[in-house]
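Asker: Here you go, entry24.cif (mmCIF, C-alpha atoms (C1' of nucleotides)):
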```cif
data_work
loop_
_atom_site.label_atom_id
_atom_site.label_comp_id
_atom_site.auth_asym_id
_atom_site.auth_seq_id
_atom_site.Cartn_x
_atom_site.Cartn_y
_atom_site.Cartn_z
CA MET A 1354 12.21 8.18 0.64
CA PRO A 1355 10.17 5.00 0.75
CA THR A 1356 9.26 3.91 4.25
CA SER A 1357 8.78 0.36 5.39
CA SER A 1358 5.01 0.62 5.21
CA ASP A 1359 5.16 1.35 1.49
CA ALA A 1360 5.70 -2.29 0.65
CA LEU A 1361 2.94 -3.35 3.00
CA PHE A 1362 0.34 -1.02 1.54
CA ARG A 1363 1.36 -1.84 -1.99
CA VAL A 1364 0.86 -5.53 -1.35
CA LEU A 1365 -2.48 -4.94 0.35
CA ALA A 1366 -3.70 -2.85 -2.57
CA ASP A 1367 -4.52 -5.92 -4.65
CA PRO A 1368 -7.94 -7.50 -3.94
CA THR A 1369 -6.74 -10.98 -4.81
CA ARG A 1370 -3.95 -10.76 -2.28
CA ARG A 1371 -6.30 -9.46 0.38
CA HIS A 1372 -8.62 -12.35 -0.42
CA ILE A 1373 -5.76 -14.79 0.03
CA LEU A 1374 -5.01 -13.26 3.42
CA ASP A 1375 -8.69 -13.54 4.31
CA LEU A 1376 -8.73 -17.22 3.44
CA LEU A 1377 -5.62 -17.90 5.49
CA ALA A 1378 -7.08 -15.97 8.40
CA GLU A 1379 -10.36 -17.88 8.29
CA ARG A 1380 -9.14 -21.36 7.56
CA GLY A 1381 -5.60 -21.45 8.85
CA ALA A 1382 -2.82 -22.97 6.77
CA LEU A 1383 -3.67 -23.85 3.19
CA THR A 1384 -1.81 -25.32 0.25
CA VAL A 1385 -1.43 -23.46 -3.01
CA GLY A 1386 -3.95 -25.76 -4.62
CA GLN A 1387 -6.51 -25.16 -1.92
CA LEU A 1388 -6.04 -21.43 -2.30
CA ALA A 1389 -6.17 -21.59 -6.07
CA ALA A 1390 -9.51 -23.41 -5.87
CA HIS A 1391 -11.02 -20.14 -4.65
CA PHE A 1392 -9.83 -18.25 -7.71
CA PRO A 1393 -11.22 -20.10 -10.72
CA GLU A 1394 -10.73 -16.99 -12.81
CA LEU A 1395 -6.98 -17.11 -12.38
CA VAL A 1396 -4.41 -19.57 -13.66
CA ALA A 1397 -2.09 -21.25 -11.19
CA SER A 1398 0.93 -19.14 -11.96
CA GLY A 1399 -1.06 -16.02 -11.16
CA ILE A 1400 -1.77 -17.29 -7.67
CA SER A 1401 1.84 -18.27 -7.29
CA LYS A 1402 2.97 -14.76 -8.16
CA HIS A 1403 0.65 -13.24 -5.60
CA LEU A 1404 1.91 -15.69 -3.00
CA MET A 1405 5.47 -14.71 -3.80
CA ALA A 1406 4.54 -11.07 -3.32
CA LEU A 1407 2.93 -11.83 0.02
CA ARG A 1408 5.98 -13.83 1.06
CA ALA A 1409 8.32 -11.03 0.03
CA ALA A 1410 6.32 -8.66 2.22
CA GLY A 1411 6.51 -11.12 5.11
CA LEU A 1412 2.74 -11.36 5.38
CA VAL A 1413 2.73 -15.12 4.84
CA SER A 1414 5.23 -17.92 5.17
CA ALA A 1415 5.39 -21.30 3.51
CA THR A 1416 6.62 -24.74 4.52
CA ARG A 1417 7.02 -27.71 2.23
CA ARG A 1418 4.90 -30.76 2.86
CA GLY A 1419 5.84 -33.36 0.32
CA ARG A 1420 5.30 -31.74 -3.02
CA GLN A 1421 2.99 -29.08 -1.76
CA GLN A 1422 3.64 -25.76 -0.18
CA VAL A 1423 1.58 -24.94 2.87
CA TYR A 1424 1.04 -21.24 3.35
CA GLN A 1425 0.12 -19.60 6.58
CA LEU A 1426 -0.44 -16.10 7.81
CA GLU A 1427 2.32 -14.15 9.53
CA PRO A 1428 0.04 -11.98 11.60
CA ASP A 1429 2.80 -10.10 13.39
CA THR A 1430 3.94 -8.50 10.17
CA LEU A 1431 0.47 -7.21 9.50
CA ALA A 1432 -0.04 -5.95 13.03
CA ALA A 1433 3.42 -4.43 13.33
CA GLY A 1434 3.11 -2.75 9.97
CA LEU A 1435 -0.36 -1.30 10.40
CA ALA A 1436 -0.51 -0.48 14.08
CA PRO A 1437 1.87 2.50 13.96
CA TRP A 1438 0.05 3.90 10.98
CA ILE A 1439 -3.32 3.46 12.62
CA ALA A 1440 -1.98 5.10 15.75
CA LYS A 1441 -1.24 8.26 13.83
CA TYR A 1442 -4.95 8.68 13.32
CA ARG A 1443 -6.01 7.79 16.81
CA LYS A 1444 -7.54 11.19 17.36
CA TYR A 1445 -10.03 10.31 14.66
CA TRP A 1446 -10.61 6.67 15.46
CA SER A 1447 -12.81 6.80 18.51
CA PRO A 1448 -15.89 5.14 16.97
CA ALA A 1449 -13.88 2.47 15.19
CA LEU A 1450 -11.73 1.87 18.21
CA GLU A 1451 -14.72 1.21 20.37
CA ARG A 1452 -15.89 -1.39 17.92
CA LEU A 1453 -12.49 -2.99 18.00
CA ARG A 1454 -12.54 -3.05 21.76
CA ASP A 1455 -15.95 -4.70 21.69
CA LEU A 1456 -14.57 -7.38 19.40
CA ALA A 1457 -11.58 -7.86 21.65
CA GLU A 1458 -13.92 -8.41 24.57
CA GLN A 1459 -15.33 -11.51 22.89
CA ASP A 1460 -11.97 -13.18 22.60
CA GLY A 1461 -11.55 -14.35 26.13
CA ALA A 1462 -8.30 -12.49 26.45
CA LYS A 1463 -6.78 -12.53 29.85
CA ASP A 1464 -7.84 -8.94 30.34
CA ARG A 1465 -11.42 -9.98 29.88
CA ALA A 1466 -10.99 -12.85 32.28
CA ALA A 1467 -9.68 -10.43 34.84
CA PHE A 1468 -12.52 -8.12 34.09
CA ARG A 1469 -15.12 -10.86 34.56
CA ARG A 1470 -13.48 -12.00 37.74
CA HIS A 1471 -13.95 -8.58 39.18
CA VAL A 1472 -17.29 -7.78 37.67
CA GLY A 1473 -18.89 -11.08 38.61
CA ARG A 1474 -21.62 -11.17 35.99
CA LYS A 1475 -21.97 -13.09 32.80
CA ARG A 1476 -20.97 -11.97 29.37
CA LEU A 1477 -21.73 -8.39 28.55
CA LYS A 1478 -24.43 -8.16 25.85
CA MET B 1145 -16.57 -8.64 -7.70
CA PRO B 1146 -14.90 -5.56 -6.38
CA THR B 1147 -15.85 -4.69 -2.84
CA SER B 1148 -16.04 -1.22 -1.39
CA SER B 1149 -12.70 -1.57 0.33
CA ASP B 1150 -10.97 -2.04 -3.00
CA ALA B 1151 -11.04 1.66 -3.75
CA LEU B 1152 -9.88 2.50 -0.27
CA PHE B 1153 -6.87 0.22 -0.37
CA ARG B 1154 -5.96 1.30 -3.86
CA VAL B 1155 -5.92 4.94 -2.81
CA LEU B 1156 -3.90 4.17 0.31
CA ALA B 1157 -1.34 2.28 -1.74
CA ASP B 1158 0.37 5.46 -2.90
CA PRO B 1159 2.93 6.93 -0.46
CA THR B 1160 2.28 10.49 -1.59
CA ARG B 1161 -1.42 10.14 -0.84
CA ARG B 1162 -0.71 8.63 2.57
CA HIS B 1163 1.64 11.51 3.23
CA ILE B 1164 -1.11 13.98 2.34
CA LEU B 1165 -3.42 12.23 4.77
CA ASP B 1166 -0.72 12.39 7.43
CA LEU B 1167 -0.31 16.11 6.92
CA LEU B 1168 -4.04 16.71 7.16
CA ALA B 1169 -4.21 14.55 10.28
CA GLU B 1170 -1.38 16.41 11.99
CA ARG B 1171 -2.12 19.95 10.94
CA GLY B 1172 -5.83 20.03 10.27
CA ALA B 1173 -7.20 21.74 7.18
CA LEU B 1174 -4.67 22.84 4.57
CA THR B 1175 -4.81 24.53 1.20
CA VAL B 1176 -3.48 22.90 -1.93
CA GLY B 1177 -0.54 25.27 -1.90
CA GLN B 1178 0.34 24.44 1.68
CA LEU B 1179 0.18 20.75 0.88
CA ALA B 1180 2.18 21.15 -2.31
CA ALA B 1181 4.94 22.91 -0.35
CA HIS B 1182 5.68 19.55 1.27
CA PHE B 1183 6.24 17.87 -2.09
CA PRO B 1184 8.91 19.91 -3.89
CA GLU B 1185 9.62 16.95 -6.14
CA LEU B 1186 6.13 17.07 -7.64
CA VAL B 1187 4.53 19.65 -9.90
CA ALA B 1188 1.26 21.22 -8.85
CA SER B 1189 -0.93 19.16 -11.15
CA GLY B 1190 0.47 16.01 -9.64
CA ILE B 1191 -0.69 17.04 -6.19
CA SER B 1192 -4.03 18.02 -7.62
CA LYS B 1193 -4.49 14.59 -9.14
CA HIS B 1194 -3.75 12.90 -5.86
CA LEU B 1195 -6.19 15.19 -4.11
CA MET B 1196 -8.85 14.31 -6.65
CA ALA B 1197 -8.21 10.64 -5.99
CA LEU B 1198 -8.53 11.17 -2.25
CA ARG B 1199 -11.73 13.14 -2.77
CA ALA B 1200 -13.16 10.44 -5.02
CA ALA B 1201 -12.52 7.91 -2.29
CA GLY B 1202 -14.18 10.17 0.26
CA LEU B 1203 -11.07 10.33 2.42
CA VAL B 1204 -10.87 14.11 2.20
CA SER B 1205 -13.25 16.94 1.41
CA ALA B 1206 -12.61 20.44 0.10
CA THR B 1207 -14.23 23.80 0.58
CA ARG B 1208 -13.47 26.93 -1.41
CA ARG B 1209 -12.02 29.90 0.41
CA GLY B 1210 -11.56 32.69 -2.06
CA ARG B 1211 -9.44 31.28 -4.80
CA GLN B 1212 -8.01 28.50 -2.75
CA GLN B 1213 -9.31 25.08 -1.92
CA VAL B 1214 -9.05 24.04 1.72
CA TYR B 1215 -8.76 20.30 2.16
CA GLN B 1216 -9.57 18.45 5.31
CA LEU B 1217 -9.64 14.84 6.44
CA GLU B 1218 -12.85 12.83 6.39
CA PRO B 1219 -11.89 10.47 9.17
CA ASP B 1220 -15.14 8.52 9.20
CA THR B 1221 -14.47 7.18 5.73
CA LEU B 1222 -11.12 5.88 6.82
CA ALA B 1223 -12.45 4.36 10.03
CA ALA B 1224 -15.54 2.88 8.44
CA GLY B 1225 -13.54 1.42 5.58
CA LEU B 1226 -10.74 -0.11 7.58
CA ALA B 1227 -12.43 -1.21 10.78
CA PRO B 1228 -14.40 -4.13 9.26
CA TRP B 1229 -11.31 -5.33 7.50
CA ILE B 1230 -9.22 -5.11 10.63
CA ALA B 1231 -11.94 -6.94 12.52
CA LYS B 1232 -11.54 -9.96 10.28
CA TYR B 1233 -8.09 -10.45 11.71
CA ARG B 1234 -9.03 -9.92 15.31
CA LYS B 1235 -7.84 -13.38 16.29
CA TYR B 1236 -4.34 -12.34 15.27
CA TRP B 1237 -4.30 -8.80 16.54
CA SER B 1238 -3.86 -9.33 20.22
CA PRO B 1239 -0.56 -7.48 20.57
CA ALA B 1240 -1.59 -4.65 18.29
CA LEU B 1241 -5.05 -4.50 19.77
CA GLU B 1242 -3.68 -4.12 23.23
CA ARG B 1243 -1.63 -1.21 22.06
CA LEU B 1244 -4.71 0.30 20.47
CA ARG B 1245 -6.67 -0.26 23.63
CA ASP B 1246 -3.96 1.43 25.60
CA LEU B 1247 -4.30 4.40 23.32
CA ALA B 1248 -8.05 4.29 23.75
CA GLU B 1249 -7.61 4.22 27.49
CA GLN B 1250 -6.13 7.67 27.33
CA ASP B 1251 -9.28 9.00 25.78
CA GLY B 1252 -11.46 8.62 28.84
CA ALA B 1253 -14.16 6.65 27.06
CA LYS B 1254 -17.17 5.74 29.14
CA ASP B 1255 -16.35 2.04 28.82
CA ARG B 1256 -13.12 2.71 30.57
CA ALA B 1257 -14.90 4.55 33.32
CA ALA B 1258 -17.24 1.62 33.85
CA PHE B 1259 -14.36 -0.81 33.78
CA ARG B 1260 -12.42 1.12 36.37
CA ARG B 1261 -15.48 1.43 38.54
CA HIS B 1262 -15.77 -2.36 38.70
CA VAL B 1263 -12.16 -3.27 38.81
CA GLY B 1264 -11.27 -0.81 41.47
CA ARG B 1265 -7.59 -0.63 40.78
CA LYS B 1266 -5.56 1.71 38.77
CA ARG B 1267 -4.72 1.38 35.14
CA LEU B 1268 -3.70 -2.07 33.98
CA LYS B 1269 -0.06 -1.99 32.97
"C1'" DT C 501 -10.30 45.34 -17.28
"C1'" DT C 502 -6.19 43.52 -17.19
"C1'" DG C 503 -3.02 40.71 -15.17
"C1'" DA C 504 -1.56 37.51 -11.85
"C1'" DC C 505 -2.79 33.94 -8.78
"C1'" DG C 506 -4.65 29.19 -7.31
"C1'" DC C 507 -6.12 25.32 -8.72
"C1'" DA C 508 -8.51 21.82 -11.95
"C1'" DT C 509 -8.46 19.43 -16.21
"C1'" DT C 510 -6.81 17.46 -20.22
"C1'" DA C 511 -3.44 15.29 -23.05
"C1'" DC C 512 0.33 12.68 -23.17
"C1'" DC C 513 4.30 9.53 -21.74
"C1'" DA C 514 7.10 6.09 -19.15
"C1'" DT C 515 6.86 2.63 -16.08
"C1'" DA C 516 4.69 -0.77 -13.09
"C1'" DT C 517 1.47 -4.21 -12.51
"C1'" DA C 518 -1.56 -8.16 -13.12
"C1'" DG C 519 -2.47 -11.37 -16.04
"C1'" DT C 520 -1.46 -15.62 -19.41
"C1'" DA C 521 1.47 -19.12 -21.46
"C1'" DA C 522 5.38 -21.97 -21.43
"C1'" DT C 523 9.04 -24.10 -19.18
"C1'" DG C 524 11.64 -25.95 -15.19
"C1'" DT C 525 12.05 -28.73 -10.90
"C1'" DA C 526 11.23 -31.48 -7.09
"C1'" DT C 527 8.22 -35.07 -5.42
"C1'" DT C 528 4.97 -38.95 -5.44
"C1'" DA C 529 2.63 -42.76 -7.91
"C1'" DC C 530 2.96 -46.48 -11.01
"C1'" DG D 727 12.78 -46.24 -14.46
"C1'" DT D 728 8.41 -43.22 -16.41
"C1'" DA D 729 4.58 -40.42 -15.83
"C1'" DA D 730 1.88 -37.34 -13.28
"C1'" DT D 731 1.47 -33.98 -9.62
"C1'" DA D 732 2.29 -29.43 -7.35
"C1'" DC D 733 4.40 -25.39 -7.67
"C1'" DA D 734 7.92 -21.94 -9.10
"C1'" DT D 735 9.91 -19.23 -12.59
"C1'" DT D 736 10.55 -16.96 -16.77
"C1'" DA D 737 9.00 -14.57 -20.79
"C1'" DC D 738 5.65 -11.91 -22.67
"C1'" DT D 739 1.45 -8.71 -23.15
"C1'" DA D 740 -2.22 -5.48 -22.06
"C1'" DT D 741 -3.62 -2.24 -19.05
"C1'" DA D 742 -3.27 0.84 -15.08
"C1'" DT D 743 -0.78 4.19 -12.78
"C1'" DG D 744 1.98 8.16 -11.54
"C1'" DG D 745 4.17 11.64 -13.50
"C1'" DT D 746 4.87 16.10 -16.54
"C1'" DA D 747 3.32 19.77 -19.65
"C1'" DA D 748 -0.19 22.66 -21.38
"C1'" DT D 749 -4.52 24.67 -21.09
"C1'" DG D 750 -8.73 26.39 -18.87
"C1'" DC D 751 -11.28 28.86 -15.44
"C1'" DG D 752 -12.81 31.31 -11.53
"C1'" DT D 753 -10.94 34.86 -8.15
"C1'" DC D 754 -8.46 38.78 -6.38
"C1'" DA D 755 -5.49 43.08 -6.91
"C1'" DA D 756 -4.32 47.00 -9.56
#
```
The structure in this file should be written as structure tokens.
Answerer:
Amino acid sequence: MPTSSDALFRVLADPTRRHILDLLAERGALTVGQLAAHFPELVASGISKHLMALRAAGLVSATRRGRQQVYQLEPDTLAAGLAPWIAKYRKYWSPALERLRDLAEQDGAKDRAAFRRHVGRKRLK
Amino acid sequence: MPTSSDALFRVLADPTRRHILDLLAERGALTVGQLAAHFPELVASGISKHLMALRAAGLVSATRRGRQQVYQLEPDTLAAGLAPWIAKYRKYWSPALERLRDLAEQDGAKDRAAFRRHVGRKRLK
DNA sequence: TTGACGCATTACCATATAGTAATGTATTAC
DNA sequence: GTAATACATTACTATATGGTAATGCGTCAA
């Protein structure tokens, strides 16, 4: 019985698709042409197929702007799909989790603000 | 240029292999026969091939015990392989990260102890 | 030592996948 | 209008992948 994470992991298995997600994460919304410029080794229809796969998985969404399609990340799909899976391994994640928490500290999340308010010293290392 | 995470994601793409990892995570070390018992729809050599793939990726390791092979999780490979990738999306992970941090809170890490010492109130919702 | 067991390995097959090429379809420029 | 742009879609191909079947090989029981 295929679970819902099957589709997610299958889509993430391809390096080109992960690279597309990386680009959208770093640079925000991008058109197909802008994305394709990063893959000179692929023809346009190849990129388009990967984008369709990402759309089908709900990892990205697209809006028309004139004759171009602007793609953007749908981060909730990624988080919602991976978080439960990651949680299953939480017993084994302690080192990685601490790194993630360190990264989260740098984001100025409200938790950090609250933390700073109470701690009363400047940014931790 | 294939990065090191390519192999990891390719191995994780298969539901049977993820299921094997789940079993090892839940129940600790298991023999091939014990693992195979959970996959009645597959013949033994199929399981063996998946185990070889997981071994090649470093996600599991095996030790002989008599005439059986006992497989166990290699959690560091999983954590080390996924954490950098997850970190790239940290801007988008706030909801998932908070859930992960909640899980981490239960582990009594020293960071949490320090945080509580400064904050001086009980666990943040 | 002679089987039987537990698993790995090899050979082989069917299907899935990633890629190209060609065509179709709006949209903008001229 | 006509042509060019920006993608999507379809058709097709080569390769990769997951699966079975058959064989091999070390280990234990008799």
Asker: List the residues selected by the PyMOL selection byres ((chain C) within 9 of (chain A)) in the file shown, writing them as a tab-separated table (two decimals) with C-alpha atoms (C1' of nucleotides), in the coordinates of the input.
Answerer:
```
chain	number	residue	atom	x	y	z
C	518	DA	C1'	-1.56	-8.16	-13.12
C	519	DG	C1'	-2.47	-11.37	-16.04
C	520	DT	C1'	-1.46	-15.62	-19.41
C	526	DA	C1'	11.23	-31.48	-7.09
C	527	DT	C1'	8.22	-35.07	-5.42
C	528	DT	C1'	4.97	-38.95	-5.44
```
Asker: On this file, the PyMOL selection byres ((chain D) within 10 of (chain A)) gives some set of residues; write that set as a list in words.
Answerer: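 This file gives the following for the PyMOL selection byres ((chain D) within 10 of (chain A)): DT731, DA732, DC733, DA734 and DT735 of chain D.
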Asker: So the first atom is atom CA of A:Arg1363 and the second is atom CA of B:Gln1216; what is the distance between them in Å, to one decimal place?
Answerer: 24.2 Å
Asker: At what distance in Å, to one decimal, does atom C1' of D:DA742 lie from atom C1' of C:DT517?
Answerer: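 The value is 7.4 Å.
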Asker: So the first atom is atom CA of A:Tyr1445 and the second is atom CA of B:Phe1183; what is the distance between them in Å, to one decimal place?
Answerer: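 Computed distance, atom CA of A:Tyr1445 to atom CA of B:Phe1183, equals 24.5 Å.
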Asker: Taking into account all atoms listed in the file, which residue in the set B:Asp1150, B:Ile1164, B:Ala1173, B:Gly1202 is nearest to chain A?
Answerer: B:Asp1150
Asker: Would you translate the PyMOL selection byres ((chain D and resi 744) around 9) into the concrete set of residues it matches in this file, as a ChimeraX atom specification?
Answerer: /B:1190 /C:515 /D:743,745
